[in-house]
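What's in upload07.txt: compact mmCIF, C-alpha atoms
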```
# COMPACT_ATOMS: atom_id res chain seq x y z
CA MET A 919 155.62 63.38 50.18
CA ASP A 920 152.19 64.96 50.38
CA ASP A 921 149.16 63.65 52.35
CA ALA A 922 147.64 61.75 49.41
CA SER A 923 150.91 59.86 48.81
CA GLY A 924 151.34 59.17 52.50
CA THR A 925 147.80 57.85 52.81
CA ALA A 926 148.32 55.60 49.80
CA GLY A 927 151.49 54.22 51.34
CA VAL A 928 149.85 53.42 54.67
CA ALA A 929 146.86 51.81 52.93
CA SER A 930 149.21 49.56 50.94
CA GLY A 931 150.53 48.01 54.11
CA GLY A 932 153.65 50.06 55.10
CA THR A 933 154.49 53.37 56.73
CA ALA A 934 154.35 56.76 55.11
CA ASP A 935 158.16 57.06 55.21
CA GLY A 936 159.09 53.36 55.03
CA SER A 937 159.12 50.69 52.35
CA ALA A 938 155.65 51.68 51.22
CA GLY A 939 157.14 54.87 49.88
CA GLY A 940 158.97 52.87 47.26
CA GLU A 941 155.78 51.06 46.33
CA VAL A 942 153.94 54.36 45.93
CA ALA A 943 156.73 55.70 43.78
CA ALA A 944 156.57 52.54 41.69
CA ALA A 945 152.80 52.93 41.37
CA GLN A 946 153.24 56.52 40.25
CA GLU A 947 155.83 55.45 37.70
CA LEU A 948 153.55 52.69 36.48
CA ALA A 949 150.59 55.09 36.20
CA ALA A 950 152.68 57.50 34.16
CA ALA A 951 153.66 54.67 31.82
CA LEU A 952 150.05 53.53 31.42
CA LEU A 953 149.02 57.03 30.28
CA LEU A 954 150.40 56.05 26.89
CA ARG A 955 147.94 53.14 26.63
CA ILE A 956 144.78 55.09 27.44
CA PRO A 957 143.31 55.02 23.87
CA GLU A 958 143.67 51.23 23.82
CA MET A 959 142.10 50.85 27.27
CA ALA A 960 139.21 53.18 26.44
CA ALA A 961 138.41 51.35 23.21
CA GLU A 962 138.46 47.98 25.01
CA THR A 963 136.24 49.29 27.80
CA VAL A 964 133.63 50.67 25.40
CA ALA A 965 133.72 47.43 23.36
CA ARG A 966 133.09 45.45 26.55
CA LEU A 967 130.22 47.78 27.48
CA THR A 968 128.47 47.36 24.14
CA ALA A 969 128.96 43.60 24.27
CA ASP A 970 127.72 43.11 27.85
CA ILE A 971 125.06 45.83 28.28
CA PRO A 972 122.18 46.05 25.75
CA ALA A 973 121.45 49.70 26.69
CA TYR A 974 124.72 50.84 25.14
CA ARG A 975 123.97 49.05 21.87
CA LEU A 976 120.95 51.32 21.48
CA LEU A 977 123.08 54.46 21.45
CA PRO A 978 123.86 56.04 18.06
CA ASP A 979 127.29 55.43 16.54
CA SER A 980 128.17 59.10 17.02
CA VAL A 981 127.88 58.61 20.80
CA LEU A 982 129.53 55.18 20.95
CA GLY A 983 132.46 55.97 18.69
CA GLY A 984 132.75 59.61 19.67
CA ASP A 985 131.55 60.94 23.01
CA LEU A 986 131.65 57.68 24.96
CA VAL A 987 135.18 56.76 23.88
CA ALA A 988 136.42 60.32 24.41
CA ASN A 989 134.79 60.50 27.84
CA THR A 990 136.28 57.15 28.87
CA GLU A 991 139.73 58.27 27.72
CA ALA A 992 139.40 61.48 29.72
CA VAL A 993 138.37 59.63 32.92
CA LEU A 994 141.27 57.16 32.57
CA LYS A 995 143.67 60.00 31.92
CA LEU A 996 142.44 61.82 35.02
CA PHE A 997 142.91 58.70 37.12
CA PHE A 998 146.43 57.92 35.94
CA THR A 999 147.43 61.56 36.13
CA THR A 1000 146.31 61.93 39.75
CA VAL A 1001 148.02 58.65 40.74
CA ALA A 1002 151.20 59.63 38.92
CA GLU A 1003 151.14 62.98 40.69
CA GLY A 1004 150.27 61.44 44.06
CA ARG A 1005 147.12 63.49 44.67
CA ALA A 1006 143.35 63.27 44.69
CA PRO A 1007 141.27 64.69 41.80
CA THR A 1008 139.97 68.21 42.32
CA GLU A 1009 136.31 69.22 42.12
CA ALA A 1010 137.03 71.06 38.88
CA GLU A 1011 138.60 67.94 37.35
CA LEU A 1012 135.61 65.80 38.40
CA ALA A 1013 133.09 68.24 36.91
CA ALA A 1014 133.39 66.82 33.38
CA PRO A 1015 132.92 63.10 34.31
CA VAL A 1016 129.97 64.08 36.49
CA ALA A 1017 128.40 66.03 33.62
CA TRP A 1018 128.90 63.07 31.25
CA GLY A 1019 127.00 60.84 33.67
CA ALA A 1020 124.09 63.27 33.51
CA GLU A 1021 124.25 63.19 29.70
CA ARG A 1022 123.77 59.42 29.75
CA ALA A 1023 120.50 60.00 31.62
CA ARG A 1024 119.28 62.05 28.66
CA ASP A 1025 120.44 59.24 26.35
CA GLY A 1026 118.16 56.87 28.26
CA VAL A 1027 120.99 54.68 29.58
CA PRO A 1028 120.09 53.10 32.97
CA LEU A 1029 122.13 54.22 35.98
CA GLU A 1030 123.49 50.72 36.54
CA ALA A 1031 124.85 50.73 33.00
CA VAL A 1032 126.33 54.23 33.44
CA LEU A 1033 128.25 53.20 36.54
CA ARG A 1034 129.42 49.94 35.00
CA VAL A 1035 132.01 51.76 32.88
CA TYR A 1036 134.08 52.62 35.95
CA PRO A 1037 134.76 49.12 37.34
CA LEU A 1038 135.32 47.87 33.77
CA GLY A 1039 137.91 50.56 33.13
CA ALA A 1040 139.48 49.93 36.54
CA ARG A 1041 139.68 46.21 35.84
CA ARG A 1042 141.48 46.82 32.55
CA ALA A 1043 143.88 49.20 34.26
CA TRP A 1044 144.60 46.54 36.88
CA GLU A 1045 145.16 43.85 34.25
CA LEU A 1046 147.69 46.01 32.42
CA ALA A 1047 149.41 46.90 35.68
CA ALA A 1048 149.66 43.27 36.78
CA ALA A 1049 151.11 42.29 33.40
CA GLY A 1050 153.61 45.16 33.38
CA PRO A 1051 157.12 44.45 32.05
CA ASP A 1052 158.90 45.75 35.17
CA PRO A 1053 159.07 42.93 37.74
CA VAL A 1054 160.18 45.34 40.47
CA ALA A 1055 157.12 47.58 40.25
CA ASP A 1056 154.41 46.44 42.65
CA PRO A 1057 151.01 46.74 40.88
CA TYR A 1058 149.18 46.29 44.19
CA ALA A 1059 150.24 49.78 45.24
CA LEU A 1060 147.95 50.98 42.45
CA VAL A 1061 144.88 49.62 44.24
CA THR A 1062 144.71 52.36 46.85
CA GLY A 1063 144.61 55.11 44.25
CA LEU A 1064 142.19 53.12 42.11
CA LEU A 1065 139.68 52.60 44.93
CA ALA A 1066 140.01 56.16 46.15
CA PHE A 1067 139.35 57.47 42.65
CA LEU A 1068 136.27 55.26 42.19
CA GLY A 1069 135.03 56.35 45.62
CA GLU A 1070 135.27 59.99 44.53
CA VAL A 1071 133.79 59.68 41.05
CA MET A 1072 130.99 57.10 41.23
CA PRO A 1073 128.84 58.70 43.98
CA LYS A 1074 129.04 62.09 42.28
CA VAL A 1075 128.11 60.61 38.88
CA ALA A 1076 125.17 58.75 40.44
CA GLU A 1077 123.97 61.93 42.17
CA ALA A 1078 124.18 63.96 38.95
CA TYR A 1079 122.43 61.20 36.99
CA LEU A 1080 119.54 60.99 39.46
CA ARG A 1081 119.20 64.78 39.53
CA GLU A 1082 119.07 64.86 35.74
CA GLN A 1083 116.62 61.95 35.70
CA ALA A 1084 114.34 63.81 38.09
CA ASP A 1085 114.49 66.87 35.83
CA LEU A 1086 113.68 64.72 32.80
CA ASP A 1087 110.75 63.09 34.60
CA TRP A 1088 109.44 66.54 35.52
CA GLU A 1089 109.83 67.75 31.93
CA GLN A 1090 108.08 64.69 30.53
CA ARG A 1091 105.29 65.03 33.09
CA GLU A 1092 104.84 68.70 32.24
CA HIS A 1093 104.85 67.93 28.51
CA GLY A 1094 102.21 65.25 29.03
CA ARG A 1095 100.12 67.56 31.21
CA ASN A 1096 100.32 70.38 28.66
CA LEU A 1097 99.40 68.08 25.77
CA ALA A 1098 96.51 66.61 27.77
CA GLY A 1099 95.24 70.13 28.51
CA VAL A 1100 95.42 71.13 24.84
CA LEU A 1101 93.57 68.00 23.67
CA LEU A 1102 90.93 68.22 26.41
CA ALA A 1103 90.28 71.83 25.42
CA GLY A 1104 89.63 70.69 21.84
CA ARG A 1105 92.62 72.53 20.37
CA PRO A 1106 95.11 71.15 17.81
CA ALA A 1107 98.07 69.56 19.60
CA ARG A 1108 100.31 68.12 16.87
CA ARG A 1109 102.70 71.07 16.74
CA ALA A 1110 103.09 71.05 20.50
CA ALA A 1111 103.72 67.30 20.42
CA GLU A 1112 106.44 67.75 17.79
CA ARG A 1113 108.02 70.48 19.89
CA TYR A 1114 108.13 68.13 22.87
CA GLY A 1115 109.35 65.20 20.79
CA ARG A 1116 106.15 63.25 21.51
CA THR A 1117 103.98 61.19 19.16
CA LEU A 1118 100.21 61.42 19.56
CA ALA A 1119 97.90 58.47 19.07
CA GLU A 1120 95.00 58.83 16.66
CA ARG A 1121 92.48 57.47 19.18
CA TYR A 1122 92.37 57.79 22.95
CA GLU A 1123 90.31 56.42 25.77
CA VAL A 1124 89.54 59.35 28.07
CA VAL A 1125 89.60 58.21 31.69
CA VAL A 1126 88.26 60.48 34.43
CA LEU A 1127 89.74 59.35 37.72
CA ARG A 1128 88.67 60.02 41.30
CA LEU A 1129 91.24 59.35 44.01
CA PRO A 1130 90.00 57.45 47.06
CA GLU A 1131 89.49 59.36 50.26
CA ALA A 1132 92.60 59.12 52.40
CA PRO A 1133 93.31 60.38 55.93
CA GLY A 1134 95.76 63.16 56.69
CA GLY A 1135 98.44 63.79 54.08
CA ALA A 1136 97.96 60.39 52.42
CA THR A 1137 96.40 62.03 49.37
CA ASN A 1138 99.74 63.60 48.47
CA ARG A 1139 101.43 60.22 48.84
CA ILE A 1140 98.83 58.65 46.56
CA LEU A 1141 99.35 61.40 43.96
CA ARG A 1142 103.11 60.87 44.05
CA ALA A 1143 102.66 57.12 43.65
CA LEU A 1144 100.31 57.60 40.69
CA ARG A 1145 102.64 60.08 39.00
CA SER A 1146 105.57 57.73 39.53
CA GLU A 1147 103.64 54.89 37.88
CA LEU A 1148 102.60 57.13 34.99
CA ASP A 1149 106.22 58.24 34.49
CA GLY A 1150 106.82 54.69 33.31
CA ASN A 1151 103.99 55.06 30.76
CA PRO A 1152 104.99 58.21 28.84
CA GLU A 1153 102.51 57.45 26.05
CA VAL A 1154 99.68 58.05 28.54
CA LEU A 1155 98.91 61.77 28.84
CA ALA A 1156 97.74 62.83 32.29
CA THR A 1157 96.62 65.90 34.17
CA PHE A 1158 95.66 66.01 37.86
CA LYS A 1159 93.75 68.61 39.83
CA GLY A 1160 92.59 68.35 43.41
CA GLU A 1161 91.56 64.79 44.17
CA GLY A 1162 90.97 63.75 40.58
CA GLY A 1163 92.58 63.57 37.21
CA VAL A 1164 92.12 62.81 33.54
CA LEU A 1165 94.15 60.22 31.63
CA LEU A 1166 94.38 59.89 27.86
CA VAL A 1167 95.20 56.25 27.16
CA PRO A 1168 96.24 55.50 23.56
CA LEU A 1169 94.11 53.00 21.65
CA GLY A 1170 94.85 51.06 18.48
CA GLN A 1171 92.80 51.37 15.34
CA PRO A 1172 89.21 50.07 15.52
CA GLY A 1173 88.44 46.58 14.23
CA PRO A 1174 85.78 45.54 11.68
CA LEU A 1175 82.98 46.50 14.09
CA GLY A 1176 84.32 50.05 14.39
CA PRO A 1177 82.90 51.99 17.35
CA LEU A 1178 80.59 49.05 18.18
CA ALA A 1179 83.61 46.94 19.15
CA PRO A 1180 84.64 46.79 22.82
CA PRO A 1181 87.28 49.49 23.45
CA GLY A 1182 90.81 48.45 24.01
CA PRO A 1183 89.59 45.52 23.93
CA ASP A 1184 88.90 46.62 27.52
CA GLY A 1185 92.45 45.61 28.44
CA ALA A 1186 94.95 48.46 28.32
CA THR A 1187 92.95 50.84 30.49
CA ARG A 1188 92.03 48.20 33.07
CA ARG A 1189 95.66 47.04 33.32
CA LEU A 1190 96.82 50.63 33.79
CA LEU A 1191 94.22 51.31 36.49
CA ALA A 1192 95.15 48.06 38.24
CA ARG A 1193 98.76 49.26 38.41
CA LEU A 1194 97.60 52.65 39.69
CA ASP A 1195 95.52 50.94 42.38
CA THR A 1196 98.57 48.94 43.41
CA ALA A 1197 100.73 52.07 43.50
CA ALA A 1198 98.13 54.00 45.51
CA GLU A 1199 97.46 50.99 47.78
CA LEU A 1200 93.77 51.88 47.43
CA ARG A 1201 91.17 51.32 44.73
CA CYS A 1202 90.24 54.33 42.61
CA THR A 1203 86.91 55.02 40.93
CA ALA A 1204 87.10 55.90 37.26
CA ALA A 1205 84.96 56.21 34.15
CA ALA A 1206 86.09 56.01 30.54
CA ALA A 1207 84.84 56.93 27.09
CA VAL A 1208 86.48 56.43 23.69
CA ALA A 1209 87.45 59.39 21.50
CA GLU A 1210 87.71 58.22 17.89
CA ASP A 1211 89.72 61.32 16.96
CA HIS A 1212 91.27 64.33 18.67
CA GLY A 1213 88.25 66.51 18.03
CA SER A 1214 85.97 64.21 20.01
CA ILE A 1215 88.17 64.16 23.15
CA PRO A 1216 86.19 66.94 24.94
CA ARG A 1217 82.92 65.07 24.29
CA ALA A 1218 84.45 61.85 25.61
CA GLN A 1219 85.64 63.65 28.74
CA ALA A 1220 82.15 65.05 29.35
CA GLU A 1221 80.63 61.58 28.96
CA ALA A 1222 83.17 59.95 31.27
CA SER A 1223 82.71 62.70 33.87
CA GLU A 1224 78.96 62.19 33.87
CA VAL A 1225 79.30 58.41 34.14
CA LEU A 1226 81.72 58.83 37.06
CA SER A 1227 79.36 61.19 38.88
CA LEU A 1228 76.52 58.79 38.26
CA ALA A 1229 78.48 55.83 39.64
CA GLU A 1230 79.30 57.83 42.76
CA ASP A 1231 75.69 59.00 43.18
CA LEU A 1232 74.52 55.41 42.94
CA GLY A 1233 77.05 54.31 45.56
CA ARG A 1234 78.80 51.93 43.19
CA PRO A 1235 82.03 50.36 44.50
CA PRO A 1236 85.43 51.55 43.25
CA GLY A 1237 86.32 50.36 39.76
CA LEU A 1238 86.14 51.33 36.10
CA TYR A 1239 82.79 52.22 34.54
CA ARG A 1240 81.70 52.97 31.02
CA LEU A 1241 78.42 54.19 29.60
CA ALA A 1242 77.36 50.64 28.77
CA ASP A 1243 77.64 49.69 32.45
CA LEU A 1244 75.15 52.38 33.50
CA ALA A 1245 73.20 52.92 30.29
CA VAL A 1246 69.74 52.73 31.89
CA GLU A 1247 70.70 55.01 34.77
CA TYR A 1248 72.47 57.38 32.37
CA GLN A 1249 69.32 57.72 30.29
CA LEU A 1250 67.25 58.39 33.39
CA VAL A 1251 69.40 61.33 34.49
CA GLN A 1252 69.21 63.24 31.21
CA PRO A 1253 67.35 66.51 31.77
CA GLY A 1254 63.75 66.45 30.60
CA PRO A 1255 60.15 65.99 31.75
CA ALA A 1256 60.57 62.25 32.40
CA ARG A 1257 63.48 62.82 34.78
CA ASP A 1258 61.61 65.60 36.56
CA ALA A 1259 58.50 63.43 36.96
CA LEU A 1260 60.57 60.60 38.45
CA ALA A 1261 62.43 62.95 40.79
CA ARG A 1262 59.13 64.32 42.10
CA VAL A 1263 58.20 60.83 43.32
CA LEU A 1264 60.69 61.29 46.18
CA ALA A 1265 59.84 64.93 46.83
CA PRO A 1266 57.79 63.94 49.94
CA LEU A 1267 61.03 62.61 51.45
CA ASP A 1268 62.95 65.89 51.06
CA ASP A 1269 62.80 66.69 54.77
CA GLN A 1270 63.48 63.10 55.86
CA PRO A 1271 67.00 62.24 54.58
CA HIS A 1272 67.09 59.09 56.71
CA LEU A 1273 64.35 57.65 54.50
CA ILE A 1274 66.34 58.52 51.35
CA ALA A 1275 69.37 56.79 52.90
CA THR A 1276 67.24 53.78 53.80
CA LEU A 1277 65.91 53.45 50.25
CA ARG A 1278 69.43 53.79 48.81
CA GLU A 1279 70.90 51.10 51.09
CA PHE A 1280 67.92 48.77 50.53
CA ILE A 1281 68.42 48.97 46.76
CA ALA A 1282 72.23 48.63 47.06
CA ALA A 1283 71.72 45.50 49.19
CA GLY A 1284 69.69 43.88 46.41
CA TYR A 1285 66.45 44.40 48.37
CA ARG A 1286 67.69 42.06 51.12
CA ARG A 1287 66.47 43.31 54.50
CA ALA A 1288 69.19 41.79 56.67
CA GLU A 1289 72.04 43.27 54.63
CA ALA A 1290 70.36 46.67 54.38
CA ALA A 1291 69.70 46.79 58.13
CA GLU A 1292 73.32 45.89 58.83
CA ALA A 1293 74.58 48.59 56.45
CA LEU A 1294 72.32 51.15 58.15
CA THR A 1295 73.21 49.79 61.63
CA VAL A 1296 69.54 49.57 62.56
CA HIS A 1297 67.29 46.73 63.68
CA ARG A 1298 65.32 44.89 60.98
CA ASN A 1299 62.08 46.10 62.56
CA THR A 1300 63.31 49.68 62.18
CA LEU A 1301 64.07 49.01 58.52
CA THR A 1302 60.59 47.54 58.00
CA TYR A 1303 59.02 50.60 59.62
CA ARG A 1304 60.99 52.98 57.39
CA LEU A 1305 60.06 51.04 54.24
CA GLY A 1306 56.44 51.37 55.30
CA ARG A 1307 56.86 55.13 55.68
CA ILE A 1308 58.37 55.33 52.17
CA ARG A 1309 55.37 53.42 50.76
CA LEU A 1310 52.94 55.69 52.60
CA LEU A 1311 54.62 58.95 51.46
CA THR A 1312 55.44 58.02 47.85
CA GLY A 1313 52.72 55.55 47.00
CA HIS A 1314 55.28 52.93 45.88
CA ASP A 1315 56.28 49.77 47.75
CA ALA A 1316 60.05 49.04 47.71
CA THR A 1317 59.35 45.38 48.57
CA ASP A 1318 57.17 44.88 45.50
CA PRO A 1319 59.01 44.22 42.17
CA ALA A 1320 57.12 46.90 40.21
CA GLY A 1321 57.37 49.43 43.03
CA ALA A 1322 61.05 48.62 43.59
CA ARG A 1323 61.87 49.32 39.94
CA HIS A 1324 59.98 52.60 40.03
CA LEU A 1325 61.64 53.74 43.25
CA ALA A 1326 65.11 52.78 41.98
CA ALA A 1327 64.55 54.88 38.85
CA ALA A 1328 63.16 57.72 40.96
CA LEU A 1329 66.19 57.63 43.25
CA THR A 1330 68.55 57.91 40.26
CA ALA A 1331 66.59 60.85 38.81
CA TYR A 1332 66.28 62.47 42.23
CA GLY A 1333 70.05 62.38 42.79
CA ALA A 1334 70.77 63.78 39.32
CA ALA A 1335 68.22 66.59 39.70
CA ARG A 1336 69.72 67.63 43.06
CA ARG A 1337 73.25 67.48 41.61
CA THR A 1338 72.67 69.39 38.37
CA GLY A 1339 69.47 71.34 39.03
CA PRO A 1340 66.51 71.63 36.65
```
Here is the file; what I need is its structure written in the form of structure tokens.
Amino acid sequence: MDDASGTAGVASGGTADGSAGGEVAAAQELAAALLLRIPEMAAETVARLTADIPAYRLLPDSVLGGDLVANTEAVLKLFFTTVAEGRAPTEAELAAPVAWGAERARDGVPLEAVLRVYPLGARRAWELAAAGPDPVADPYALVTGLLAFLGEVMPKVAEAYLREQADLDWEQREHGRNLAGVLLAGRPARRAAERYGRTLAERYEVVVLRLPEAPGGATNRILRALRSELDGNPEVLATFKGEGGVLLVPLGQPGPLGPLAPPGPDGATRRLLARLDTAAELRCTAAAAVAEDHGSIPRAQAEASEVLSLAEDLGRPPGLYRLADLAVEYQLVQPGPARDALARVLAPLDDQPHLIATLREFIAAGYRRAEAAEALTVHRNTLTYRLGRIRLLTGHDATDPAGARHLAAALTAYGAARRTGP
């Protein structure tokens, strides 16, 4: 008796050369007899799978009635053959079942559903063994071989499935990145989409995303979390570079108001960004613009990028911004004589950045002295002195409504002029 048979005998409750030997021999005889019933067992197992697991009902008939049944028959045959021969399956014999598990990943069958076929097949094998016609044969001796076989096959199938799933996720991510790059460059992308098996939306909301600052290597963790979340949204095309990225979020057709209607209606993109914030465990800052067709995607990206930069220049909190949210400020930063005239108002403060910072915090605090002083970590008297210096140097009083409006507009123009140049 070889080692596999001896181990089976000991596991069944006897000694390798005692009464358990007869039980093992009976199990081997029973396994050999059950080889004749493999087609029946495979058909019943696949029928149970399709009845109990919705994922299998989505597979085409060619897979259900062909590959899946044939694969199940082959696995059952391998099991009964190895038990009948009193040995463990070899690596070469396990290669095919492992490869079939990876194929199910490409079919979109969840891992839990892929592994379910093995205990179902084992249960049917046990039922047939327990109901065998030979009252002398002990079906319990079959359990050792059954459990050993499942212990060999299932971990390897799971490993191959997960490896294939990772490859598929990478492929899908690369396809999405490539399509996003083509569309953002203003080039036709339909042929590439067909090649990748992807369907493009007619309209997209272009979202320019800035990742929050994170200490150490946390930025890489945030990127992985965002990519993982986006893997579950394959219709969203994404490309990341550095600490930012661009998302193309599909939109439905416009309503009766056309481009005047709220985009989305402001729902899909916000829900997606909320999930990304949760995944990153930090709030991101983003800006979005609607592209009514593929040709207008580059323009929408440029608009969203400018809105994002503007929101950051203005010190706005993390969140999603659109042109309508910053329309006045957006108009102020457009190059021209009006912007230049406003920017020159703060030119006397060029060599005193603490006064620029004071004005920015005073405006951000809603012109409330206590909150501004706290944000600047200075005494209120120091804040009052600095506001007086700003009035003296610029000729505009930040504590007066008219002067406050003028200085707020000047600060926006000043920041844009320094960022983009004349």
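Distances here use only C-alpha atoms; by that measure, the residue among A:Val1154, A:Val1246, A:Leu1311, A:Ala1293 closest to A:Gln1270 is A:Leu1311.
Between A:Ala1331 and the residues A:Asn989, A:Ser1146, A:Gln1252, A:Thr1300, the shortest atom-to-atom distance, using only C-alpha atoms, involves A:Gln1252.
For the choices A:Arg1113, A:Lys995, A:Arg966, A:Lys1074, the atom-to-atom distance to A:Trp1018 is smallest for A:Lys1074 when using only C-alpha atoms.
Considering the residues A:Tyr974, A:Tyr1303, A:Phe1067, A:Phe998 and counting all atoms listed in the file, A:Ile956 has its shortest atom-to-atom contact with A:Phe998.
The environment of A:Ala1290 within 10 Å, counting only C-alpha atoms and disregarding residues fewer than 2 places along the same chain, consists of Thr1276, Leu1277, Arg1278, Glu1279, Phe1280, Ile1281, Ala1282, Ala1283, Gly1284, Tyr1285, Arg1286, Arg1287, Ala1288, Glu1292, Ala1293, Leu1294, Thr1295, Val1296, His1297, Arg1298 and Leu1301 of chain A.
Of the listed residues A:Arg1121, A:Arg1105, A:Arg1309, A:Arg1217, the one whose atoms come nearest to A:Pro1168 is A:Arg1121, with distances taken using all atoms listed in the file.
One finds atom CA of A:Ala960 at 9.2 Å from atom CA of A:Val993.
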Point-to-point distance from atom CA of A:Arg1024 to atom CA of A:Arg1109, Å rounded to tenths: 22.3 Å
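One distance worth recording is that between atom CA of A:Arg1337 and atom CA of A:Ala1261, which is 11.8 Å.
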Find the residues near A:Leu1118: any atom within 10 Å, counting all atoms listed in the file, skip ones fewer than 6 places away on the same chain, and give them as JSON, numbers by chain. {"A": [1097, 1107, 1108, 1111, 1112, 1153, 1154, 1155, 1168, 1212]}
Residue contacts of A:Leu1038 (10 Å, all atoms listed in the file) excluding same-chain residues fewer than 6 positions away, as a PyMOL selection string: chain A and resi 959-960+962-964+966-967+1044
Counting all atoms listed in the file, which residues sit no farther than 12 Å from the position (57.2, 49.8, 41.4) in the file's frame? I'd like them as a PyMOL selection string. chain A and resi 1260+1263+1309+1312-1328
List the neighbours of A:Leu996 out to 12 Å using all atoms listed in the file; skip same-chain residues closer than 5 positions along the sequence, and give me the result as a VMD selection string. chain A and resid 949 to 950 952 to 953 956 989 to 991 1001 to 1015 1063 to 1064 1067 to 1068 1071
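Among A:Arg1128, A:Arg1022, A:His1272, A:Arg1091, the residue with the shortest atom-to-atom distance to A:Val1164, counting only C-alpha atoms, is A:Arg1128.
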Distance query A:Pro1073 at most 12 Å, only C-alpha atoms, self and fewer than 2 positions along chain excluded, as a ChimeraX atom specification: /A:1012,1015-1016,1019,1029,1032-1033,1036,1066-1071,1075-1080
Reconstructed stretch 1292-1305 of chain A, atom set N, CA, C and O atoms, as a PDB file, in the coordinates of the input:
```pdb
ATOM      1  N   GLU A1292      71.934  45.888  58.335  1.00  0.00           N
ATOM      2  CA  GLU A1292      73.320  45.890  58.830  1.00  0.00           C
ATOM      3  C   GLU A1292      74.080  47.104  58.305  1.00  0.00           C
ATOM      4  O   GLU A1292      74.838  47.739  59.049  1.00  0.00           O
ATOM      5  N   ALA A1293      73.893  47.428  57.020  1.00  0.00           N
ATOM      6  CA  ALA A1293      74.580  48.590  56.450  1.00  0.00           C
ATOM      7  C   ALA A1293      74.137  49.879  57.116  1.00  0.00           C
ATOM      8  O   ALA A1293      74.927  50.818  57.296  1.00  0.00           O
ATOM      9  N   LEU A1294      72.859  49.948  57.502  1.00  0.00           N
ATOM     10  CA  LEU A1294      72.320  51.150  58.150  1.00  0.00           C
ATOM     11  C   LEU A1294      72.539  51.142  59.661  1.00  0.00           C
ATOM     12  O   LEU A1294      72.253  52.153  60.318  1.00  0.00           O
ATOM     13  N   THR A1295      73.026  49.998  60.178  1.00  0.00           N
ATOM     14  CA  THR A1295      73.210  49.790  61.630  1.00  0.00           C
ATOM     15  C   THR A1295      71.918  50.060  62.393  1.00  0.00           C
ATOM     16  O   THR A1295      71.907  50.771  63.401  1.00  0.00           O
ATOM     17  N   VAL A1296      70.832  49.471  61.873  1.00  0.00           N
ATOM     18  CA  VAL A1296      69.540  49.570  62.560  1.00  0.00           C
ATOM     19  C   VAL A1296      68.958  48.160  62.674  1.00  0.00           C
ATOM     20  O   VAL A1296      69.388  47.217  61.988  1.00  0.00           O
ATOM     21  N   HIS A1297      67.970  48.011  63.531  1.00  0.00           N
ATOM     22  CA  HIS A1297      67.290  46.730  63.680  1.00  0.00           C
ATOM     23  C   HIS A1297      66.402  46.487  62.463  1.00  0.00           C
ATOM     24  O   HIS A1297      65.947  47.428  61.806  1.00  0.00           O
ATOM     25  N   ARG A1298      66.162  45.210  62.150  1.00  0.00           N
ATOM     26  CA  ARG A1298      65.320  44.890  60.980  1.00  0.00           C
ATOM     27  C   ARG A1298      63.923  45.468  61.139  1.00  0.00           C
ATOM     28  O   ARG A1298      63.292  45.852  60.155  1.00  0.00           O
ATOM     29  N   ASN A1299      63.408  45.520  62.355  1.00  0.00           N
ATOM     30  CA  ASN A1299      62.080  46.100  62.560  1.00  0.00           C
ATOM     31  C   ASN A1299      62.070  47.585  62.209  1.00  0.00           C
ATOM     32  O   ASN A1299      61.085  48.110  61.672  1.00  0.00           O
ATOM     33  N   THR A1300      63.201  48.261  62.534  1.00  0.00           N
ATOM     34  CA  THR A1300      63.310  49.680  62.180  1.00  0.00           C
ATOM     35  C   THR A1300      63.314  49.851  60.672  1.00  0.00           C
ATOM     36  O   THR A1300      62.675  50.771  60.127  1.00  0.00           O
ATOM     37  N   LEU A1301      64.039  48.959  59.976  1.00  0.00           N
ATOM     38  CA  LEU A1301      64.070  49.010  58.520  1.00  0.00           C
ATOM     39  C   LEU A1301      62.666  48.800  57.947  1.00  0.00           C
ATOM     40  O   LEU A1301      62.230  49.528  57.036  1.00  0.00           O
ATOM     41  N   THR A1302      61.936  47.821  58.484  1.00  0.00           N
ATOM     42  CA  THR A1302      60.590  47.540  58.000  1.00  0.00           C
ATOM     43  C   THR A1302      59.680  48.752  58.206  1.00  0.00           C
ATOM     44  O   THR A1302      58.872  49.111  57.329  1.00  0.00           O
ATOM     45  N   TYR A1303      59.827  49.407  59.354  1.00  0.00           N
ATOM     46  CA  TYR A1303      59.020  50.600  59.620  1.00  0.00           C
ATOM     47  C   TYR A1303      59.342  51.701  58.607  1.00  0.00           C
ATOM     48  O   TYR A1303      58.420  52.351  58.070  1.00  0.00           O
ATOM     49  N   ARG A1304      60.615  51.909  58.333  1.00  0.00           N
ATOM     50  CA  ARG A1304      60.990  52.980  57.390  1.00  0.00           C
ATOM     51  C   ARG A1304      60.485  52.671  55.987  1.00  0.00           C
ATOM     52  O   ARG A1304      60.031  53.582  55.268  1.00  0.00           O
ATOM     53  N   LEU A1305      60.568  51.400  55.571  1.00  0.00           N
ATOM     54  CA  LEU A1305      60.060  51.040  54.240  1.00  0.00           C
ATOM     55  C   LEU A1305      58.550  51.297  54.161  1.00  0.00           C
ATOM     56  O   LEU A1305      58.032  51.716  53.104  1.00  0.00           O
TER      57      LEU A1305
END
```
